[in-house]
Amino acid sequence: MGTRMGKSKARARKYRLKEQEKIDTGIFDEKTMVSLGKFFNKGVVEKLEFITARGKEADLYIARAGTSNLVKGEQFLIMKFFRIETSSFFKMDDYIIGDPRFQKIKVTSKYDVVKVWCRKEFGNLEIATKAGVDAPRPIMVNGSILAMTLIGADSIPSPQLKDADLREPEKVLDAILSGVKKLYKNKLVHGDLSEYNVLISGQTPYMIDFGQAVVLDHPRAEEFLHRDLSNILDYFAKNYHIKRDENRAFAWVTGQSQIY
Ligand SMILES: Nc1ncnc2c1ncn2[C@@H]1O[C@H](COP(=O)(O)OP(=O)(O)O)[C@@H](O)[C@H]1O
Ligand SMILES: [Mg+2]
């Protein structure tokens, strides 16, 4: 009896490891496959080309755009596949709870949390795009998959700010701060801004990774904005010796002062 129990436990463990391996190697589960099918059926995507980044919560693929009007003018897209089993969804809860936009949504499983999170990033990208901020344009969301425009040339994504060579760093910093101000005017705070979540295309900074962005009603919006500004200002101080005062930048972004 005891050994039988032991065996079935071992089997269960082996099964779990196998499932984990599938996730680690990027083989999609059934729900993800069903969602992915919708992108093909709608003509948004024609082909998944290759994986470009493995983030904390998602795998990002480059895809060839389909024939849908939604992707008119685009040759390649970015598809962000949020991971379900290995997602750090407790951290996600922090940002969803407290955001009045998600008060009424029933969240009962990991998959539900990830779905809400994915839709939230889509909505945040819509706000950013409408606000005229340089950011990817959201194209379609389904389940745990988000499609957006690729920031880059052809199928090559632009480098992150941390790896970019800036000819005129002060101009780039000003452009980032202007973007943060535009977002704020549209009642959104990025919440995870840093040299990792800004891509440099040509010499133009594009903000990416809007999953955790919150509306101003969120109780921690101000704290997140201070942190975003500190991250960016610290980066430019350290790497380009540009010294700017965070409080003055904050006052300018929030419209409390006209100069900074
Ligand atoms: N729209 C995009 N165009 C080009 N590259 C992108 C785009 N979105 C993400 N990437 C690349 O993928 C990486 C991870 O994406 P990100 O949205 O930041 O995910 P994570 O939440 O895992 O950090 C980014 O650092 C960037 O290099
Ligand atoms: Mg990121």
# chains A, B, ... in the order shown; residues from 1 in each chain; ligands from 1
call {"tool": "select_by_dssp", "arguments": {"residues": "segment 129-237 of chain A", "states": "alpha helix (DSSP H)", "output": "PyMOL selection string"}}
result
chain A and resi 129-130+169-185+221-237
call {"tool": "residues_around", "arguments": {"residues": "Asp245 of chain A", "least_positions_apart": "6", "cutoff": "10 Å", "atoms": "only C-alpha atoms", "output": "ChimeraX atom specification"}}
result
/A:229-230,233-234,260
call {"tool": "write_last_selection", "arguments": {"atoms": "C-alpha atoms", "output": "tab-separated table (two decimals), in the first residue's frame"}}
result
chain	number	residue	atom	x	y	z
A	229	LEU	CA	10.86	59.56	-12.25
A	230	SER	CA	13.63	58.56	-9.84
A	233	LEU	CA	16.61	60.50	-13.54
A	234	ASP	CA	19.05	58.23	-11.69
A	260	TYR	CA	11.47	72.56	-14.26
call {"tool": "closest_atom_pairs", "arguments": {"of": "segment 168-213 of chain A", "to": "segment 50-67 of chain A", "cutoff": "12 Å", "atoms": "only C-alpha atoms", "output": "Markdown table"}}
result
| residue | atom | partner | partner_atom | distance |
| --- | --- | --- | --- | --- |
| A:Tyr196 | CA | A:Gly55 | CA | 10.8 |
| A:Asn197 | CA | A:Gly55 | CA | 11.2 |
| A:Asp209 | CA | A:Gly55 | CA | 10.3 |
| A:Gly211 | CA | A:Glu57 | CA | 10.0 |
| A:Gln212 | CA | A:Glu57 | CA | 11.4 |
call {"tool": "write_last_selection", "arguments": {"atoms": "N, CA and C atoms", "output": "compact mmCIF listing (two decimals), in the first residue's frame"}}
result
# COMPACT_ATOMS: atom_id res chain seq x y z
N TYR A 196 14.94 49.64 -18.70
CA TYR A 196 14.55 48.38 -19.32
C TYR A 196 13.26 48.51 -20.12
N ASN A 197 12.41 49.41 -19.71
CA ASN A 197 11.10 49.52 -20.34
C ASN A 197 10.95 50.76 -21.23
N ASP A 209 5.72 48.00 -22.01
CA ASP A 209 5.44 47.22 -20.81
C ASP A 209 4.49 47.95 -19.85
N GLY A 211 1.68 46.78 -18.44
CA GLY A 211 0.78 45.91 -17.66
C GLY A 211 0.42 46.48 -16.31
N GLN A 212 1.42 47.02 -15.63
CA GLN A 212 1.20 47.46 -14.25
C GLN A 212 0.78 48.92 -14.14
call {"tool": "atom_distance", "arguments": {"atom1": "atom CA of Ser35 of chain A", "atom2": "atom CA of Gly143 of chain A"}}
result
5.9 Å
call {"tool": "closest_residue", "arguments": {"among": "A:Pro205, A:Pro219, A:Pro169, A:Pro157", "to": "ligand 1", "atoms": "only C-alpha atoms and all ligand atoms"}}
result
A:Pro157
call {"tool": "closest_residue", "arguments": {"among": "A:Met33, A:Ala213, A:Leu166, A:Ile200", "to": "Arg101 of chain A", "atoms": "only C-alpha atoms"}}
result
A:Ala213
call {"tool": "closest_residue", "arguments": {"among": "A:Leu77, A:Leu70, A:Val34, A:Ala128", "to": "Glu49 of chain A", "atoms": "only C-alpha atoms"}}
result
A:Leu77
call {"tool": "residues_around", "arguments": {"residues": "Val172 of chain A", "least_positions_apart": "2", "cutoff": "10 Å", "atoms": "only C-alpha atoms", "output": "MDAnalysis selection string"}}
result
chainID A and resid 161 166:170 174:178 200 203:205 236
call {"tool": "select_by_dssp", "arguments": {"residues": "segment 36-259 of chain A", "states": "strand (DSSP E)", "output": "JSON, numbers by chain"}}
result
{"A": [45, 46, 47, 48, 49, 50, 51, 52, 53, 54, 58, 59, 60, 61, 62, 63, 64, 65, 76, 77, 78, 79, 80, 81, 82, 138, 139, 140, 141, 142, 145, 146, 147, 148, 149, 152, 153, 156, 157, 188, 189, 198, 199, 200, 201, 204, 205, 206, 207, 214, 215]}
